[in-house]
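In what follows, a single structure is set out as C-alpha cells and then discussed.
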Amino acid sequence: MVLQVAVDVQRLVELGKTYPWPRLTRCLSCNSYRIWGHGYVLRYFEGLSLPAWIRRLRCPDCGTVYTLRPDAFARGFRYSVATIISSLARTTTGTSLLPRPSRQARQYWLRALKFQASRTGNVLKPDVNTLYALLSRDVIPFTRSINRAILRL
C-alpha cells in the first residue's frame with residue numbers, strides 16, 4: 001500500500017536512508033500497533049540526478065507492506081503531479097507543450113484524461129475545466145485506474 005507523505009525531496013536525496021520519515025501509528029488494514037521497518041527501495045523521480053531511498057514499513061500481524069512516497073509524485077509515476085497537470089492543461093488548451101515529458105508520457109496522460117472524463121461525466125473531448133473538475137472530485141485524471149486513490153499519512 002502506497003502512502004503519500006509530505007517530504008522535502010532534495011533533502012531526501014541528500015540524507016538517503018537517514019532521512020527522518022514519519023512513523024505510522026497503526027496499521028490501516030488491521031489496526032495493529034506493531035509496525036516494523038521493512039527496509040528501503042530505490043526510486044527514480046524526474047528532476048533528480050540520483051535515485052531516492054524510499055522507506056517501507058510492514059505490519060507483522062496482517063502482512064501489509066506500506067511504501068512511504070513523496071506526495072509531490074503520484075504512485076506509479078516518476079513525473080511530479082504538478083508537471084503532469086501542467087502538461088495536461090497545456091495539451092487541452094492547445095498551447096505549446098512542455099519540452100521535458102516525453103511524447104509517449106503526454107499521450108498516456110491525455111488518453112487517461114479522456115477515459116476519466118468519459119467515465120465520470122460522459123465528456124468525449126475534455127478541456128481544462130473538465131481536468132480541474134476531476135481533480136476537485138478526487139479523481140486522478142492521469143491514470144485509467146478506477147480504484148486508485150491517494151492515501152496520505
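Residue numbering restarts at 1 in every chain; chains get A, B, ... in the order shown in the C-alpha cells, and ligands count up from 1 in that same order.
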For Ser32 of chain A: contacts at 8 Å, only C-alpha atoms, fewer than 5 positions along chain excluded, given as a ChimeraX atom specification: /A:26-27,59,61
Nearby residues (only C-alpha atoms) at most 9 Å from segment 13-15 of chain A, same-chain spacing under 3 positions excluded, as JSON, numbers by chain: {"A": [8, 9, 10, 18, 19, 20, 48, 50, 51, 52, 53]}
Neighbours of Leu124 of chain A within 8 Å (only C-alpha atoms; same-chain residues fewer than 3 positions away dropped), as a PyMOL selection string? chain A and resi 114+117-118
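If only C-alpha atoms are the atoms counted, then among A:Ala112, A:Cys62, A:Val5, A:Leu134 the closest residue to Cys30 of chain A is A:Cys62.
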My list of candidates is A:Met1, A:Gly121, A:Tyr44, A:Thr83. Which is closest to Gly63 of chain A when distances are computed with only C-alpha atoms?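 Nearest candidate to Gly63 of chain A out of A:Met1, A:Gly121, A:Tyr44, A:Thr83: A:Met1.
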Taking only C-alpha atoms into account, which of A:Arg103, A:Arg137, A:Lys17, A:Arg34 comes nearest Leu88 of chain A? A:Arg103
Which of segment 2-151 of chain A DSSP labels helix (DSSP H, G or I), written as a PyMOL selection string: chain A and resi 9-18+81-93+103-121+128-136
Once you have the residues from the selection above, write them out as a compact mmCIF listing (two decimals), in the first residue's frame, restricted to N, CA and C atoms.
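File produced: selection_11.txt:
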# COMPACT_ATOMS: atom_id res chain seq x y z
N VAL A 9 12.07 16.53 -1.03
CA VAL A 9 12.69 15.54 -1.91
C VAL A 9 14.20 15.77 -2.03
N GLN A 10 14.63 17.02 -2.11
CA GLN A 10 16.06 17.30 -2.20
C GLN A 10 16.79 16.82 -0.95
N ARG A 11 16.19 17.07 0.21
CA ARG A 11 16.80 16.62 1.47
C ARG A 11 16.78 15.09 1.55
N LEU A 12 15.73 14.48 1.01
CA LEU A 12 15.63 13.02 0.98
C LEU A 12 16.80 12.42 0.19
N VAL A 13 17.11 13.02 -0.95
CA VAL A 13 18.23 12.52 -1.76
C VAL A 13 19.55 12.74 -1.03
N GLU A 14 19.70 13.89 -0.37
CA GLU A 14 20.94 14.18 0.34
C GLU A 14 21.17 13.24 1.53
N LEU A 15 20.13 13.00 2.33
CA LEU A 15 20.28 12.19 3.54
C LEU A 15 20.18 10.70 3.28
N GLY A 16 19.52 10.31 2.21
CA GLY A 16 19.41 8.89 1.88
C GLY A 16 18.61 8.13 2.92
N LYS A 17 19.18 7.04 3.44
CA LYS A 17 18.47 6.20 4.40
C LYS A 17 18.34 6.83 5.78
N THR A 18 19.06 7.90 6.04
CA THR A 18 18.98 8.55 7.35
C THR A 18 17.89 9.62 7.40
N VAL A 81 3.24 15.52 -9.88
CA VAL A 81 1.83 15.77 -10.18
C VAL A 81 1.68 17.14 -10.84
N ALA A 82 2.45 18.12 -10.37
CA ALA A 82 2.38 19.47 -10.95
C ALA A 82 2.78 19.46 -12.42
N THR A 83 3.81 18.70 -12.77
CA THR A 83 4.25 18.60 -14.17
C THR A 83 3.18 17.93 -15.02
N ILE A 84 2.56 16.88 -14.50
CA ILE A 84 1.53 16.17 -15.25
C ILE A 84 0.31 17.06 -15.47
N ILE A 85 -0.14 17.74 -14.43
CA ILE A 85 -1.31 18.61 -14.54
C ILE A 85 -1.02 19.77 -15.49
N SER A 86 0.16 20.35 -15.39
CA SER A 86 0.54 21.44 -16.29
C SER A 86 0.58 20.97 -17.73
N SER A 87 1.12 19.78 -17.96
CA SER A 87 1.19 19.24 -19.31
C SER A 87 -0.22 18.97 -19.86
N LEU A 88 -1.10 18.41 -19.03
CA LEU A 88 -2.47 18.16 -19.47
C LEU A 88 -3.21 19.46 -19.76
N ALA A 89 -3.00 20.47 -18.93
CA ALA A 89 -3.66 21.76 -19.14
C ALA A 89 -3.19 22.39 -20.45
N ARG A 90 -1.90 22.32 -20.71
CA ARG A 90 -1.37 22.88 -21.96
C ARG A 90 -1.85 22.08 -23.17
N THR A 91 -1.94 20.78 -23.04
CA THR A 91 -2.39 19.95 -24.15
C THR A 91 -3.85 20.21 -24.48
N THR A 92 -4.70 20.33 -23.46
CA THR A 92 -6.12 20.53 -23.71
C THR A 92 -6.43 21.93 -24.24
N THR A 93 -5.59 22.92 -23.90
CA THR A 93 -5.83 24.27 -24.41
C THR A 93 -5.16 24.50 -25.76
N ARG A 103 6.90 12.43 -25.34
CA ARG A 103 5.66 12.42 -26.12
C ARG A 103 4.78 11.26 -25.68
N GLN A 104 5.38 10.10 -25.43
CA GLN A 104 4.62 8.93 -25.04
C GLN A 104 3.94 9.14 -23.68
N ALA A 105 4.65 9.76 -22.76
CA ALA A 105 4.05 10.03 -21.44
C ALA A 105 2.89 11.00 -21.57
N ARG A 106 3.05 12.05 -22.37
CA ARG A 106 1.97 13.02 -22.56
C ARG A 106 0.76 12.36 -23.22
N GLN A 107 0.99 11.48 -24.18
CA GLN A 107 -0.13 10.78 -24.82
C GLN A 107 -0.84 9.86 -23.83
N TYR A 108 -0.10 9.19 -22.98
CA TYR A 108 -0.71 8.32 -21.97
C TYR A 108 -1.60 9.14 -21.03
N TRP A 109 -1.10 10.28 -20.57
CA TRP A 109 -1.87 11.13 -19.66
C TRP A 109 -3.13 11.65 -20.35
N LEU A 110 -3.02 12.03 -21.62
CA LEU A 110 -4.18 12.56 -22.34
C LEU A 110 -5.23 11.46 -22.56
N ARG A 111 -4.80 10.25 -22.90
CA ARG A 111 -5.75 9.15 -23.06
C ARG A 111 -6.43 8.82 -21.74
N ALA A 112 -5.67 8.87 -20.66
CA ALA A 112 -6.26 8.62 -19.34
C ALA A 112 -7.26 9.71 -18.98
N LEU A 113 -6.94 10.97 -19.30
CA LEU A 113 -7.88 12.07 -19.04
C LEU A 113 -9.17 11.87 -19.83
N LYS A 114 -9.06 11.47 -21.09
CA LYS A 114 -10.25 11.21 -21.90
C LYS A 114 -11.07 10.07 -21.31
N PHE A 115 -10.40 9.04 -20.83
CA PHE A 115 -11.08 7.90 -20.21
C PHE A 115 -11.84 8.34 -18.96
N GLN A 116 -11.16 9.07 -18.07
CA GLN A 116 -11.79 9.50 -16.82
C GLN A 116 -12.94 10.48 -17.09
N ALA A 117 -12.76 11.38 -18.06
CA ALA A 117 -13.81 12.35 -18.39
C ALA A 117 -15.03 11.63 -18.96
N SER A 118 -14.81 10.63 -19.78
CA SER A 118 -15.91 9.87 -20.36
C SER A 118 -16.59 9.01 -19.30
N ARG A 119 -15.81 8.42 -18.43
CA ARG A 119 -16.35 7.54 -17.39
C ARG A 119 -17.17 8.30 -16.35
N THR A 120 -16.68 9.44 -15.92
CA THR A 120 -17.34 10.15 -14.82
C THR A 120 -18.37 11.19 -15.27
N GLY A 121 -18.16 11.79 -16.45
CA GLY A 121 -19.07 12.85 -16.86
C GLY A 121 -19.59 12.74 -18.26
N VAL A 128 -9.83 22.10 -20.08
CA VAL A 128 -9.19 22.43 -18.81
C VAL A 128 -10.21 22.38 -17.67
N ASN A 129 -11.42 22.83 -17.93
CA ASN A 129 -12.46 22.80 -16.88
C ASN A 129 -12.77 21.37 -16.45
N THR A 130 -12.78 20.46 -17.40
CA THR A 130 -13.01 19.05 -17.08
C THR A 130 -11.87 18.50 -16.23
N LEU A 131 -10.64 18.89 -16.58
CA LEU A 131 -9.46 18.45 -15.83
C LEU A 131 -9.57 18.88 -14.37
N TYR A 132 -9.86 20.15 -14.14
CA TYR A 132 -9.94 20.65 -12.77
C TYR A 132 -11.18 20.14 -12.04
N ALA A 133 -12.25 19.86 -12.76
CA ALA A 133 -13.44 19.27 -12.13
C ALA A 133 -13.13 17.87 -11.63
N LEU A 134 -12.38 17.09 -12.41
CA LEU A 134 -11.99 15.76 -11.96
C LEU A 134 -11.09 15.83 -10.74
N LEU A 135 -10.16 16.78 -10.74
CA LEU A 135 -9.27 16.95 -9.60
C LEU A 135 -10.05 17.34 -8.34
N SER A 136 -11.05 18.18 -8.49
CA SER A 136 -11.82 18.61 -7.33
C SER A 136 -12.67 17.48 -6.74
What is the distance between atom CA of Val65 of chain A and atom CA of His38 of chain A, in Å to one decimal? 7.7 Å
Point-to-point distance in Å for atom CA of Thr67 of chain A and atom CA of Leu3 of chain A: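 These atoms are spaced 6.1 Å apart.
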A:Arg100, A:Glu46, A:Gln4, A:Tyr66 ranked by distance to Ser29 of chain A, top pick (using only C-alpha atoms): A:Tyr66
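Between Leu57 of chain A and the candidates A:Arg75, A:Arg43, A:Arg69, A:Arg144, the tightest atom-to-atom separation, counting only C-alpha atoms, involves A:Arg69.
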Run DSSP on the backbone of this structure and report the residues of segment 56-119 of chain A it assigns to strand (DSSP E or B), as a VMD selection string. chain A and resid 56 to 58 65 to 70 73 80
Export of prior selection with N, CA and C atoms as a compact mmCIF listing (two decimals), in the first residue's frame:
# COMPACT_ATOMS: atom_id res chain seq x y z
N ARG A 56 10.02 1.71 3.60
CA ARG A 56 8.91 0.76 3.63
C ARG A 56 8.67 0.30 5.06
N LEU A 57 7.42 0.04 5.38
CA LEU A 57 7.02 -0.46 6.69
C LEU A 57 6.18 -1.71 6.50
N ARG A 58 6.10 -2.53 7.56
CA ARG A 58 5.34 -3.78 7.45
C ARG A 58 4.62 -4.06 8.75
N VAL A 65 2.34 -4.35 3.59
CA VAL A 65 3.57 -3.59 3.40
C VAL A 65 3.18 -2.19 2.93
N TYR A 66 3.74 -1.18 3.59
CA TYR A 66 3.48 0.21 3.26
C TYR A 66 4.73 0.82 2.66
N THR A 67 4.56 1.56 1.59
CA THR A 67 5.65 2.32 0.99
C THR A 67 5.33 3.79 1.18
N LEU A 68 6.24 4.51 1.83
CA LEU A 68 6.05 5.94 2.07
C LEU A 68 6.65 6.68 0.87
N ARG A 69 5.82 7.39 0.15
CA ARG A 69 6.23 8.04 -1.10
C ARG A 69 6.02 9.55 -0.99
N PRO A 70 6.94 10.35 -1.56
CA PRO A 70 6.75 11.81 -1.54
C PRO A 70 5.43 12.21 -2.19
N PHE A 73 4.80 13.30 -5.96
CA PHE A 73 4.81 12.31 -7.03
C PHE A 73 3.72 11.28 -6.79
N SER A 80 6.35 14.66 -11.49
CA SER A 80 5.57 15.22 -10.39
C SER A 80 4.14 15.47 -10.84
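A straight line drawn from atom CA of Gly39 of chain A to atom CA of Gly76 of chain A is 19.3 Å long.
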With only C-alpha atoms as the basis for distance, which of A:Trp21, A:Ala72, A:Ser145, A:Val123 is at the shortest distance from Gly47 of chain A? A:Ala72
